[in-house]
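So this block is work17.cif, mmCIF, C-alpha atoms:
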data_my_file
loop_
_atom_site.label_atom_id
_atom_site.label_comp_id
_atom_site.auth_asym_id
_atom_site.auth_seq_id
_atom_site.Cartn_x
_atom_site.Cartn_y
_atom_site.Cartn_z
CA MET A 19 63.92 -44.04 -70.14
CA ALA A 20 63.53 -40.51 -71.54
CA ASP A 21 63.01 -37.19 -69.78
CA VAL A 22 60.76 -34.36 -70.97
CA ASP A 23 63.30 -33.10 -73.53
CA GLY A 24 63.72 -36.55 -75.06
CA LYS A 25 67.19 -37.06 -73.56
CA LEU A 26 68.06 -40.43 -72.09
CA GLU A 27 68.30 -40.61 -68.33
CA GLN A 28 71.33 -42.07 -66.64
CA GLU A 29 71.02 -45.86 -66.47
CA MET A 30 70.91 -47.46 -63.06
CA ALA A 31 73.94 -49.46 -62.01
CA ALA A 32 73.45 -53.23 -62.08
CA PRO A 33 73.31 -54.90 -58.67
CA THR A 34 76.57 -56.43 -57.60
CA SER A 35 75.40 -59.34 -55.39
CA THR A 36 72.30 -61.52 -55.23
CA SER A 37 70.68 -63.74 -52.65
CA PHE A 38 67.40 -65.55 -52.23
CA ARG A 39 64.73 -64.95 -49.64
CA GLU A 40 61.91 -67.28 -48.63
CA ILE A 41 58.43 -65.74 -48.45
CA ILE A 42 55.35 -67.47 -47.07
CA THR A 43 52.17 -66.37 -48.86
CA LYS A 44 48.70 -67.55 -49.77
CA ALA A 45 48.43 -68.78 -53.33
CA ILE A 46 46.29 -70.93 -55.59
CA CYS A 47 47.81 -74.39 -55.09
CA GLY A 48 45.45 -76.37 -57.32
CA ALA A 49 42.44 -75.89 -59.57
CA GLY A 50 39.83 -77.85 -61.50
CA GLN A 51 36.80 -77.21 -63.67
CA GLN A 52 33.84 -79.38 -64.56
CA ASP A 53 30.51 -79.11 -66.37
CA PHE A 54 27.44 -80.73 -64.82
CA ARG A 55 24.19 -81.82 -66.45
CA TYR A 56 20.95 -82.44 -64.57
CA THR A 57 17.68 -83.96 -65.77
CA GLU A 58 14.73 -82.93 -63.62
CA PHE A 59 11.03 -83.75 -63.78
CA LEU A 60 8.78 -80.93 -62.60
CA PRO A 61 5.55 -81.73 -60.81
CA ILE A 62 2.41 -80.60 -62.64
CA PRO A 63 -0.91 -80.10 -60.81
CA VAL A 64 -3.59 -82.73 -61.44
CA GLY A 65 -5.82 -81.88 -64.42
CA ARG A 66 -3.24 -79.61 -66.05
CA ILE A 67 -1.65 -82.00 -68.52
CA PRO A 68 0.78 -79.92 -70.59
CA SER A 69 0.05 -79.63 -74.32
CA SER A 70 3.06 -77.43 -75.24
CA ILE A 71 6.12 -75.82 -73.68
CA LEU A 72 6.21 -72.04 -74.07
CA GLY A 73 9.53 -71.29 -72.35
CA SER A 74 11.95 -72.32 -69.63
CA SER A 75 14.64 -70.65 -67.54
CA VAL A 76 17.00 -71.22 -64.64
CA THR A 77 17.14 -68.51 -61.98
CA ARG A 78 18.50 -67.79 -58.51
CA LEU A 79 21.63 -69.94 -58.56
CA LYS A 80 23.36 -69.91 -55.17
CA LEU A 81 26.63 -71.68 -54.35
CA THR A 82 27.42 -72.49 -50.73
CA GLU A 83 30.90 -72.34 -49.22
CA PRO A 84 32.99 -75.06 -50.92
CA LEU A 85 34.94 -77.66 -48.92
CA VAL A 86 38.27 -79.33 -49.66
CA THR A 87 37.98 -83.11 -49.48
CA GLU A 88 40.40 -85.98 -49.95
CA ILE A 89 39.58 -88.73 -52.44
CA SER A 90 40.51 -92.17 -51.06
CA GLY A 91 43.82 -92.53 -49.27
CA ASP A 92 46.16 -91.57 -52.11
CA GLY A 93 46.23 -87.91 -51.09
CA SER A 94 44.51 -86.53 -54.19
CA LYS A 95 42.26 -83.59 -53.41
CA SER A 96 38.89 -82.42 -54.62
CA VAL A 97 36.47 -79.60 -53.85
CA ARG A 98 32.88 -80.35 -52.84
CA VAL A 99 30.47 -77.68 -54.07
CA SER A 100 26.79 -77.46 -53.09
CA GLY A 101 24.06 -75.08 -54.08
CA THR A 102 20.54 -74.50 -55.34
CA PHE A 103 18.83 -73.12 -58.41
CA ASP A 104 15.23 -72.63 -59.55
CA ILE A 105 13.79 -74.09 -62.75
CA ASN A 106 10.81 -72.22 -64.22
CA VAL A 107 8.79 -73.67 -67.09
CA TRP A 108 5.92 -71.84 -68.76
CA TYR A 109 3.57 -74.33 -70.37
CA ALA A 110 0.15 -74.45 -72.01
CA PHE A 111 -2.56 -76.97 -71.08
CA ASN A 112 -6.22 -77.66 -71.93
CA ASP A 113 -5.42 -77.80 -75.70
CA ASP A 114 -3.39 -74.58 -75.48
CA GLN A 115 -6.34 -72.65 -74.01
CA ALA A 116 -4.65 -71.82 -70.67
CA THR A 117 -1.11 -71.39 -69.35
CA ASP A 118 0.72 -71.92 -66.10
CA VAL A 119 4.26 -71.85 -64.72
CA ALA A 120 5.85 -74.83 -63.01
CA LYS A 121 8.64 -73.96 -60.58
CA GLU A 122 11.00 -76.26 -58.72
CA THR A 123 14.03 -75.54 -56.51
CA ILE A 124 16.84 -78.01 -57.16
CA LYS A 125 19.54 -78.78 -54.60
CA PHE A 126 22.86 -80.21 -55.79
CA THR A 127 26.20 -81.36 -54.40
CA GLU A 128 29.09 -82.10 -56.74
CA VAL A 129 32.75 -83.05 -56.33
CA ILE A 130 35.29 -81.35 -58.59
CA PRO A 131 38.62 -83.19 -58.82
CA ILE A 132 41.75 -81.08 -58.61
CA SER A 133 44.07 -82.36 -61.31
CA VAL A 134 47.38 -80.75 -60.34
CA ILE A 135 48.11 -79.64 -56.79
CA SER A 136 51.26 -78.11 -55.35
CA GLU A 137 53.28 -80.27 -52.98
CA ASN A 138 54.60 -77.22 -51.11
CA ILE A 139 51.42 -76.44 -49.16
CA ILE A 140 52.00 -75.61 -45.53
CA GLY A 141 49.20 -75.14 -43.01
CA GLN A 142 45.47 -75.05 -43.64
CA VAL A 143 43.85 -74.89 -47.07
CA ASP A 144 40.70 -73.13 -48.21
CA ALA A 145 38.55 -73.56 -51.29
CA ARG A 146 36.84 -71.17 -53.65
CA ALA A 147 34.28 -71.96 -56.35
CA VAL A 148 32.88 -69.73 -59.08
CA LEU A 149 30.40 -70.25 -61.86
CA VAL A 150 32.07 -70.30 -65.29
CA LYS A 151 29.12 -71.48 -67.36
CA SER A 152 25.76 -69.99 -66.41
CA PRO A 153 22.99 -72.55 -65.94
CA LYS A 154 21.01 -73.05 -69.11
CA CYS A 155 18.04 -75.21 -70.06
CA HIS A 156 19.23 -77.34 -72.97
CA LYS A 157 16.04 -79.26 -73.54
CA THR A 158 12.54 -78.97 -72.11
CA ILE A 159 10.01 -81.57 -73.25
CA ILE A 160 6.73 -83.15 -72.24
CA SER A 161 7.61 -86.71 -71.26
CA ALA A 162 5.52 -89.82 -71.99
CA ALA A 163 4.05 -89.62 -68.47
CA SER A 164 2.78 -86.05 -69.19
CA GLN A 165 5.47 -84.58 -66.97
CA VAL A 166 7.78 -81.70 -67.86
CA GLN A 167 11.37 -82.90 -68.28
CA VAL A 168 14.12 -80.27 -68.14
CA ASP A 169 17.83 -80.79 -68.94
CA VAL A 170 20.04 -78.14 -67.28
CA GLU A 171 23.78 -77.64 -67.74
CA LEU A 172 26.18 -75.47 -65.74
CA GLY A 173 29.95 -75.20 -65.23
CA ILE A 174 31.92 -74.62 -62.02
CA TYR A 175 35.59 -73.75 -61.51
CA ALA A 176 37.16 -74.57 -58.12
CA GLU A 177 40.47 -73.63 -56.53
CA ILE A 178 42.39 -74.80 -53.49
CA ILE A 179 44.12 -71.91 -51.76
CA GLY A 180 46.85 -72.51 -49.21
CA GLU A 181 49.94 -71.10 -47.63
CA THR A 182 53.05 -71.94 -49.61
CA LYS A 183 56.70 -70.97 -49.71
CA VAL A 184 57.99 -68.83 -52.54
CA TYR A 185 61.65 -68.08 -53.16
CA VAL A 186 62.47 -64.66 -54.57
CA GLN A 187 65.76 -63.30 -55.72
CA VAL A 188 66.93 -60.27 -53.74
CA TYR A 189 69.49 -57.85 -55.13
CA SER A 190 71.60 -55.72 -52.87
CA GLU A 191 73.79 -52.87 -54.01
CA THR A 192 77.24 -52.64 -52.46
CA ASP A 193 79.43 -49.59 -52.59
#

Whole structure given in structure tokens:
Amino acid sequence: MADVDGKLEQEMAAPTSTSFREIITKAICGAGQQDFRYTEFLPIPVGRIPSSILGSSVTRLKLTEPLVTEISGDGSKSVRVSGTFDINVWYAFNDDQATDVAKETIKFTEVIPISVISENIIGQVDARAVLVKSPKCHKTIISAASQVQVDVELGIYAEIIGETKVYVQVYSETD
């Protein structure tokens, strides 16, 4: 290191003995990510057969508190994530003479497998889930039954958080 005048400071003496200490802390013990695709059919009022799609969007995504689950009896873990989102489709009807908006709230529950999980977990575990790919309408079409079909994709990242033991090296200076 240098002081204000550019002169080198005196170097610190190297520690003479080392030991290890065990620390218990909360840490991310496993994680997984998955993309999900949904195909939804929105109800259209009678007499308003869509003639063209003018726009679509996904709004108000809400994730509920995720839960850690166990898949089968082999001990592998997963995170169950639930939530809701709204699909809004603006469409024209009556030979494109009038417009309306179809809106539907979609509920979902998905299971995200955790590929690698620490074996050193002690105590209770928690889960956390965050959106990594915002929901987006990939395709919005008028189906053969004169319904509005919407394909939505979104991505979720999930973590398992638990107490674990960490070993750190401790240096002590002896005179």

Could you check how far CA of Asp114 in chain A sits from CA of Pro68 in chain A, in Å to one decimal? 8.4 Å

Taking only residues of range 32-71 of chain A that have an atom at most 10 Å from an atom of range 103-110 of chain A, what is each one's shortest atom pair and its distance in Å to one decimal, using all atoms listed in the file, in chain and number order, as a Markdown table?
| residue | atom | partner | partner_atom | distance |
| --- | --- | --- | --- | --- |
| A:Glu58 | CA | A:Ile105 | CA | 8.9 |
| A:Leu60 | CA | A:Ile105 | CA | 8.5 |
| A:Arg66 | CA | A:Ala110 | CA | 8.6 |
| A:Ile67 | CA | A:Ala110 | CA | 8.5 |
| A:Pro68 | CA | A:Ala110 | CA | 5.7 |
| A:Ser69 | CA | A:Ala110 | CA | 5.7 |
| A:Ser70 | CA | A:Ala110 | CA | 5.3 |
| A:Ile71 | CA | A:Tyr109 | CA | 4.4 |

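Atom pair CA of Val168 in chain A / CA of Val99 in chain A: separated by 21.7 Å.
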
Smallest atom-to-atom distance to Ser75 in chain A: which of A:Ala116, A:Val170, A:Ala45, A:Ala145, using all atoms listed in the file? A:Val170

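Between CA of Arg98 in chain A and CA of Thr182 in chain A lies a distance of 22.1 Å.
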
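For the set A:Leu172, A:Thr43, A:Arg55, A:Gly48, the residue with the smallest atom-to-atom gap to Pro153 in chain A is A:Leu172, counting all atoms listed in the file.
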
Any idea what's packed within 12 Å of Pro63 in chain A, counting all atoms listed in the file, ignoring anything in its chain fewer than 2 positions away? Could you give it as a ChimeraX atom specification? /A:60-61,65-68,111,118-121,164-166

For the file shown, what are the residues hit by the PyMOL selection byres ((chain A and resi 78) around 8), laid out as a PyMOL selection string? chain A and resi 76-77+79-80+102-104

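For the residues A:Ile160, A:Glu122, A:Ile178, A:Ile42, ranking by smallest atom-to-atom distance to Glu88 in chain A using all atoms listed in the file places A:Ile178 first.
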
Go through A:Cys155, A:Ala162, A:Ile174, A:Val143 one by one, measure the shortest atom-to-atom distance of each to Gly101 in chain A using all atoms listed in the file, and give the residue with the smallest value. A:Ile174

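Across A:Tyr56, A:Gly73, A:Asn138, A:Ala49, the tightest approach to Tyr185 in chain A is made by A:Asn138 when counting only C-alpha atoms.
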
Using the chain letters and numbers from this file, what does the PyMOL selection byres ((chain A and resi 173) around 9) select? Give the answer as a PyMOL selection string. chain A and resi 51-55+148-153+171-172+174-175

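Near Gly50 in chain A, within 10 Å and counting only C-alpha atoms, sit A:Ser96, A:Val97, A:Ile130, A:Pro131, A:Ile132, A:Ser133, A:Val134, A:Ile135, A:Ala147, A:Ile174, A:Tyr175, A:Ala176, A:Glu177, A:Ile178, not including residues fewer than 6 positions from it in the same chain.
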
Could you spell out the hits of the PyMOL selection byres ((chain A and resi 183) around 12) on the shown file, as a PyMOL selection string? chain A and resi 39-47+136-141+180-182+184-186

Let me have the centre and edge lengths of the axis-aligned box enclosing all listed atoms of range 73-92 of chain A with 6 Å padding on every side, in Å to one decimal, as lines of an AutoDock Vina configuration file.
center_x = 27.8
center_y = -80.2
center_z = -60.6
size_x = 48.6
size_y = 36.7
size_z = 35.4
